Amino acid sequence: MKSIDHYMARLIAVPLFSTLVIAAMLLVLDRMLRLFEFVATEGGPISVVWKMLANLLPEYLGLGIPIGLMLGILLAFRRLATSSELDVMRGVGMSYARLLRVPYMYAVVLALLNLVIVGYVQPRARYGYERLRFELRTGALGASIKVGEFTHLGSRMTLRIEQSRDEGRRLTGIFVHADTPKGDWVGVTAEHGRFLATDDPDVIIFRLTDGTLIHNRPDFVTPRVLTFTSHDLPIDLPKFESFRKRGGPSDHRESTLLELARQGRERGVPVHERDPSRAEFHFRVTEVVSMLLLPLLALALGVPPKRSASALGVLVSIVMIVTYFKVNQYAESLGELAQVDPLVALWAPFAVFAGLVLWMYYTIAYVPGGQPIGGLERVFDKGWALIRRRFVRRPPSAPAAPVAA
């Protein structure tokens, strides 16, 4: 029996981890292009893209792990069924409950892992992602000055640079306009320049060479003009507001499971104000608990009808998981708006999903000749046959040979 368990473990492992890696890569690549565009538009360092993607990975794993678990078990049972190995195992007295021992080991381990991800890692990663977006937009990450455009450093200084070389160490074609609180203004043009750090973290020095400085104030008859070979222009870095705290009323998705449970039971707070926390809590719990139903669903959809090699069960499994996830998201929204009690809004769809899965498993495991997707298979086959007759033309048959008299 142990050899069969090892065999099942190998059959499940390959498609499970392959699906997980491929799904994560596809989702990351899709978001990577938009992040590169966003960071380039905001003028931030490219290295921040990798930090943002790392903060998005837990969110992708939250959905990728259930899909990977589902497809890993489903494809393993499908291979056993199409190669007649499942018939041999059933013939020697192994029940479906016994065959589900290894799949449930995978399910329990991955459910605990997913609980840690959606309960604790994902909220903090979401907060880190939003903080990086905030810092990019405010310039707190040291956003670069865009070449050929007017850049505002605070509310009193405007800067324009024609060319930048050696990663910003050699700047040419410089224009600076600055206002002072006393009503003065200074305009500077220079051929070259570079930024230098100072002991004060809030002030930097812009060293300009070969340029002209114009200084004007209300009591000047004419502006003062100065030609210089080298001039140091101090620049006060703008003050950035601090980012908001994690979680709380601003975004319950950034709170951990323990924080959500505490917020949902907080006394002295009206029920409708606690509903968003309760809805988020039940959403995450049902998302994890539903993973314990996936081995039963994978078995029911992975074993095709006799004399059939259709992969319809793979498509149906993905549709069912994604549909249930979207229904849960809608139910969470209803719970947050206090239109339906979060306990009912989230656990009612779970009860329907669990009932459907248990019926499908009972049908294939205990009903003689039972096949949960047999009806879908017949409808699919008839539809495919109709399409072939309608759109696929058969070659004309050859004329019959004449018969000799």
# chains A, B, ... in the order shown; residues from 1 in each chain; ligands from 1
call {"tool": "select_by_dssp", "arguments": {"residues": "range 65-259 of chain A", "states": "strand (DSSP E or B)", "output": "number ranges by chain"}}
result
A: 151-153, 157-165, 170-179, 185-197, 203-216, 224-236
call {"tool": "residues_around", "arguments": {"residues": "Gln122 in chain A", "least_positions_apart": "4", "cutoff": "9 Å", "atoms": "only C-alpha atoms", "output": "list in words"}}
result
Asn55, Leu56, Leu57, Pro58, Glu59, Gly62, Val116, Ile117, Val118, Arg126, Tyr127, Arg253, Glu254 and Thr256 of chain A
call {"tool": "write_last_selection", "arguments": {"atoms": "all heavy atoms", "output": "mmCIF file, in the first residue's frame"}}
result
data_model
loop_
_atom_site.group_PDB
_atom_site.id
_atom_site.type_symbol
_atom_site.label_atom_id
_atom_site.label_comp_id
_atom_site.auth_asym_id
_atom_site.auth_seq_id
_atom_site.Cartn_x
_atom_site.Cartn_y
_atom_site.Cartn_z
ATOM 1 N N ASN A 55 5.502 41.910 -3.392
ATOM 2 C CA ASN A 55 4.340 42.143 -2.535
ATOM 3 C C ASN A 55 3.045 41.648 -3.174
ATOM 4 O O ASN A 55 2.055 41.429 -2.462
ATOM 5 C CB ASN A 55 4.208 43.633 -2.214
ATOM 6 C CG ASN A 55 5.252 44.110 -1.222
ATOM 7 O OD1 ASN A 55 5.578 43.399 -0.273
ATOM 8 N ND2 ASN A 55 5.800 45.291 -1.429
ATOM 9 N N LEU A 56 3.027 41.497 -4.495
ATOM 10 C CA LEU A 56 1.831 40.986 -5.165
ATOM 11 C C LEU A 56 1.785 39.462 -5.180
ATOM 12 O O LEU A 56 0.712 38.875 -5.364
ATOM 13 C CB LEU A 56 1.785 41.507 -6.609
ATOM 14 C CG LEU A 56 1.403 42.971 -6.802
ATOM 15 C CD1 LEU A 56 1.535 43.348 -8.273
ATOM 16 C CD2 LEU A 56 -0.013 43.236 -6.331
ATOM 17 N N LEU A 57 2.933 38.809 -5.006
ATOM 18 C CA LEU A 57 2.985 37.356 -5.120
ATOM 19 C C LEU A 57 2.081 36.635 -4.128
ATOM 20 O O LEU A 57 1.407 35.666 -4.499
ATOM 21 C CB LEU A 57 4.440 36.891 -4.960
ATOM 22 C CG LEU A 57 4.745 35.453 -5.398
ATOM 23 C CD1 LEU A 57 4.367 35.252 -6.865
ATOM 24 C CD2 LEU A 57 6.218 35.131 -5.188
ATOM 25 N N PRO A 58 2.002 37.043 -2.849
ATOM 26 C CA PRO A 58 1.073 36.352 -1.944
ATOM 27 C C PRO A 58 -0.385 36.409 -2.398
ATOM 28 O O PRO A 58 -1.139 35.447 -2.193
ATOM 29 C CB PRO A 58 1.263 37.096 -0.612
ATOM 30 C CG PRO A 58 2.643 37.647 -0.681
ATOM 31 C CD PRO A 58 2.844 38.023 -2.127
ATOM 32 N N GLU A 59 -0.796 37.513 -3.023
ATOM 33 C CA GLU A 59 -2.168 37.603 -3.513
ATOM 34 C C GLU A 59 -2.412 36.611 -4.639
ATOM 35 O O GLU A 59 -3.481 35.990 -4.716
ATOM 36 C CB GLU A 59 -2.443 39.019 -3.995
ATOM 37 C CG GLU A 59 -3.875 39.237 -4.456
ATOM 38 C CD GLU A 59 -4.156 40.671 -4.836
ATOM 39 O OE1 GLU A 59 -3.259 41.526 -4.628
ATOM 40 O OE2 GLU A 59 -5.251 40.951 -5.342
ATOM 41 N N GLY A 62 -2.721 33.095 -3.257
ATOM 42 C CA GLY A 62 -3.990 32.833 -2.593
ATOM 43 C C GLY A 62 -4.998 32.135 -3.491
ATOM 44 O O GLY A 62 -5.797 31.319 -3.025
ATOM 45 N N VAL A 116 -1.879 30.673 6.306
ATOM 46 C CA VAL A 116 -0.815 31.607 6.702
ATOM 47 C C VAL A 116 -0.692 32.735 5.685
ATOM 48 O O VAL A 116 -0.519 33.909 6.045
ATOM 49 C CB VAL A 116 0.524 30.854 6.851
ATOM 50 C CG1 VAL A 116 1.666 31.829 7.118
ATOM 51 C CG2 VAL A 116 0.434 29.828 7.965
ATOM 52 N N ILE A 117 -0.824 32.392 4.398
ATOM 53 C CA ILE A 117 -0.653 33.414 3.354
ATOM 54 C C ILE A 117 -1.782 34.434 3.397
ATOM 55 O O ILE A 117 -1.553 35.645 3.486
ATOM 56 C CB ILE A 117 -0.574 32.737 1.975
ATOM 57 C CG1 ILE A 117 0.740 31.960 1.849
ATOM 58 C CG2 ILE A 117 -0.664 33.783 0.860
ATOM 59 C CD1 ILE A 117 0.874 31.185 0.561
ATOM 60 N N VAL A 118 -3.046 33.948 3.322
ATOM 61 C CA VAL A 118 -4.174 34.888 3.257
ATOM 62 C C VAL A 118 -4.462 35.522 4.610
ATOM 63 O O VAL A 118 -5.066 36.600 4.686
ATOM 64 C CB VAL A 118 -5.445 34.192 2.720
ATOM 65 C CG1 VAL A 118 -5.199 33.602 1.357
ATOM 66 C CG2 VAL A 118 -5.952 33.137 3.691
ATOM 67 N N ARG A 126 0.040 43.457 0.940
ATOM 68 C CA ARG A 126 -0.834 44.438 0.300
ATOM 69 C C ARG A 126 -0.511 45.850 0.817
ATOM 70 O O ARG A 126 -0.468 46.807 0.045
ATOM 71 C CB ARG A 126 -2.291 44.103 0.579
ATOM 72 C CG ARG A 126 -3.285 45.020 -0.122
ATOM 73 C CD ARG A 126 -4.695 44.727 0.375
ATOM 74 N NE ARG A 126 -5.102 43.393 0.026
ATOM 75 C CZ ARG A 126 -5.660 43.067 -1.130
ATOM 76 N NH1 ARG A 126 -5.874 44.001 -2.050
ATOM 77 N NH2 ARG A 126 -6.023 41.819 -1.375
ATOM 78 N N TYR A 127 -0.284 45.956 2.128
ATOM 79 C CA TYR A 127 0.066 47.258 2.699
ATOM 80 C C TYR A 127 1.417 47.747 2.162
ATOM 81 O O TYR A 127 1.572 48.925 1.845
ATOM 82 C CB TYR A 127 0.118 47.146 4.221
ATOM 83 C CG TYR A 127 0.572 48.409 4.909
ATOM 84 C CD1 TYR A 127 -0.275 49.503 5.027
ATOM 85 C CD2 TYR A 127 1.859 48.500 5.454
ATOM 86 C CE1 TYR A 127 0.149 50.665 5.657
ATOM 87 C CE2 TYR A 127 2.278 49.662 6.083
ATOM 88 C CZ TYR A 127 1.417 50.743 6.179
ATOM 89 O OH TYR A 127 1.833 51.882 6.796
ATOM 90 N N ARG A 253 -8.733 44.776 4.220
ATOM 91 C CA ARG A 253 -7.950 43.729 3.570
ATOM 92 C C ARG A 253 -6.496 43.733 4.028
ATOM 93 O O ARG A 253 -5.764 42.784 3.752
ATOM 94 C CB ARG A 253 -8.019 43.891 2.048
ATOM 95 C CG ARG A 253 -9.398 43.654 1.458
ATOM 96 C CD ARG A 253 -9.432 43.911 -0.014
ATOM 97 N NE ARG A 253 -9.114 45.294 -0.308
ATOM 98 C CZ ARG A 253 -9.011 45.786 -1.544
ATOM 99 N NH1 ARG A 253 -9.199 44.990 -2.583
ATOM 100 N NH2 ARG A 253 -8.722 47.061 -1.737
ATOM 101 N N GLU A 254 -6.064 44.777 4.706
ATOM 102 C CA GLU A 254 -4.698 44.851 5.213
ATOM 103 C C GLU A 254 -4.602 44.392 6.657
ATOM 104 O O GLU A 254 -3.535 44.465 7.259
ATOM 105 C CB GLU A 254 -4.176 46.284 5.087
ATOM 106 C CG GLU A 254 -4.059 46.764 3.646
ATOM 107 C CD GLU A 254 -3.692 48.235 3.562
ATOM 108 O OE1 GLU A 254 -3.554 48.866 4.630
ATOM 109 O OE2 GLU A 254 -3.549 48.752 2.444
ATOM 110 N N THR A 256 -4.800 41.388 9.599
ATOM 111 C CA THR A 256 -4.630 39.945 9.722
ATOM 112 C C THR A 256 -5.905 39.312 10.269
ATOM 113 O O THR A 256 -6.835 39.999 10.689
ATOM 114 C CB THR A 256 -3.451 39.642 10.651
ATOM 115 O OG1 THR A 256 -3.750 40.134 11.970
ATOM 116 C CG2 THR A 256 -2.176 40.309 10.154
#
call {"tool": "closest_residue", "arguments": {"among": "A:Val340, A:Leu297, A:Leu159, A:Ile387", "to": "Met70 in chain A", "atoms": "only C-alpha atoms"}}
result
A:Leu297
call {"tool": "residues_around", "arguments": {"residues": "Phe281 in chain A", "least_positions_apart": "2", "cutoff": "12 Å", "atoms": "only C-alpha atoms", "output": "PyMOL selection string"}}
result
chain A and resi 115+118-120+123+252-265+274-279+283-288+332+335-336+342-343+346-347
call {"tool": "residues_around", "arguments": {"residues": "range 28-32 of chain A", "least_positions_apart": "3", "cutoff": "8 Å", "atoms": "only C-alpha atoms", "output": "list of chain:residue names"}}
result
A:Ala24, A:Met25, A:Leu35, A:Phe36, A:Val49, A:Leu53, A:Leu57
call {"tool": "closest_residue", "arguments": {"among": "A:Gly68, A:Leu26, A:Ser3, A:Tyr361", "to": "Val314 in chain A", "atoms": "only C-alpha atoms"}}
result
A:Gly68
call {"tool": "closest_residue", "arguments": {"among": "A:Leu356, A:Leu293, A:Leu196, A:Val303", "to": "Tyr96 in chain A", "atoms": "only C-alpha atoms"}}
result
A:Val303
call {"tool": "closest_residue", "arguments": {"among": "A:Tyr362, A:Leu20, A:Tyr324, A:Lys306", "to": "Gly374 in chain A", "atoms": "only C-alpha atoms"}}
result
A:Lys306
call {"tool": "atom_distance", "arguments": {"atom1": "CA of Arg160 in chain A", "atom2": "CA of Arg194 in chain A"}}
result
12.9 Å
call {"tool": "residues_around", "arguments": {"residues": "range 208-220 of chain A", "least_positions_apart": "2", "cutoff": "6 Å", "atoms": "only C-alpha atoms", "output": "JSON, numbers by chain"}}
result
{"A": [184, 185, 186, 187, 188, 189, 190, 191, 192, 193, 222, 223, 224, 225, 226, 227, 228, 229, 230, 231]}
call {"tool": "residues_around", "arguments": {"residues": "Lys2 in chain A", "least_positions_apart": "3", "cutoff": "12 Å", "atoms": "only C-alpha atoms", "output": "list in words"}}
result
Asp5, His6, Tyr7, Met8, Ala9, Arg98, Leu99, Arg101 and Val102 of chain A
call {"tool": "write_last_selection", "arguments": {"atoms": "N, CA, C and O atoms", "output": "PDB file, in the first residue's frame"}}
result
ATOM      1  N   ASP A   5       0.815   4.722  -2.360  1.00  0.00           N
ATOM      2  CA  ASP A   5       0.795   6.100  -1.852  1.00  0.00           C
ATOM      3  C   ASP A   5       1.931   6.922  -2.444  1.00  0.00           C
ATOM      4  O   ASP A   5       1.738   8.087  -2.813  1.00  0.00           O
ATOM      5  N   HIS A   6       3.118   6.327  -2.534  1.00  0.00           N
ATOM      6  CA  HIS A   6       4.245   7.037  -3.144  1.00  0.00           C
ATOM      7  C   HIS A   6       3.967   7.332  -4.610  1.00  0.00           C
ATOM      8  O   HIS A   6       4.323   8.414  -5.125  1.00  0.00           O
ATOM      9  N   TYR A   7       3.362   6.374  -5.286  1.00  0.00           N
ATOM     10  CA  TYR A   7       3.023   6.569  -6.696  1.00  0.00           C
ATOM     11  C   TYR A   7       2.015   7.707  -6.865  1.00  0.00           C
ATOM     12  O   TYR A   7       2.157   8.572  -7.732  1.00  0.00           O
ATOM     13  N   MET A   8       0.994   7.729  -6.019  1.00  0.00           N
ATOM     14  CA  MET A   8       0.004   8.809  -6.075  1.00  0.00           C
ATOM     15  C   MET A   8       0.651  10.157  -5.763  1.00  0.00           C
ATOM     16  O   MET A   8       0.333  11.185  -6.388  1.00  0.00           O
ATOM     17  N   ALA A   9       1.560  10.163  -4.799  1.00  0.00           N
ATOM     18  CA  ALA A   9       2.224  11.423  -4.438  1.00  0.00           C
ATOM     19  C   ALA A   9       3.018  11.979  -5.612  1.00  0.00           C
ATOM     20  O   ALA A   9       3.004  13.191  -5.873  1.00  0.00           O
ATOM     21  N   ARG A  98      -9.924   5.287   0.205  1.00  0.00           N
ATOM     22  CA  ARG A  98      -8.520   4.920   0.421  1.00  0.00           C
ATOM     23  C   ARG A  98      -7.606   5.638  -0.570  1.00  0.00           C
ATOM     24  O   ARG A  98      -6.512   6.093  -0.206  1.00  0.00           O
ATOM     25  N   LEU A  99      -8.059   5.799  -1.796  1.00  0.00           N
ATOM     26  CA  LEU A  99      -7.243   6.486  -2.804  1.00  0.00           C
ATOM     27  C   LEU A  99      -7.113   7.979  -2.517  1.00  0.00           C
ATOM     28  O   LEU A  99      -6.187   8.627  -3.015  1.00  0.00           O
ATOM     29  N   ARG A 101      -6.419   9.259   0.340  1.00  0.00           N
ATOM     30  CA  ARG A 101      -5.574   9.526   1.506  1.00  0.00           C
ATOM     31  C   ARG A 101      -4.443  10.490   1.160  1.00  0.00           C
ATOM     32  O   ARG A 101      -4.239  11.503   1.847  1.00  0.00           O
ATOM     33  N   VAL A 102      -3.698  10.214   0.117  1.00  0.00           N
ATOM     34  CA  VAL A 102      -2.577  11.086  -0.278  1.00  0.00           C
ATOM     35  C   VAL A 102      -3.076  12.452  -0.757  1.00  0.00           C
ATOM     36  O   VAL A 102      -2.507  13.485  -0.374  1.00  0.00           O
TER      37      VAL A 102
END
call {"tool": "atom_distance", "arguments": {"atom1": "CA of Pro372 in chain A", "atom2": "CA of Arg10 in chain A"}}
result
26.3 Å
call {"tool": "closest_residue", "arguments": {"among": "A:Leu33, A:Ile204, A:Val21, A:Leu294", "to": "Met360 in chain A", "atoms": "only C-alpha atoms"}}
result
A:Leu294
call {"tool": "closest_residue", "arguments": {"among": "A:Leu292, A:Leu69, A:Ile46, A:Val39", "to": "Val108 in chain A", "atoms": "only C-alpha atoms"}}
result
A:Leu292
call {"tool": "atom_distance", "arguments": {"atom1": "CA of Val322 in chain A", "atom2": "CA of Ala76 in chain A"}}
result
20.8 Å
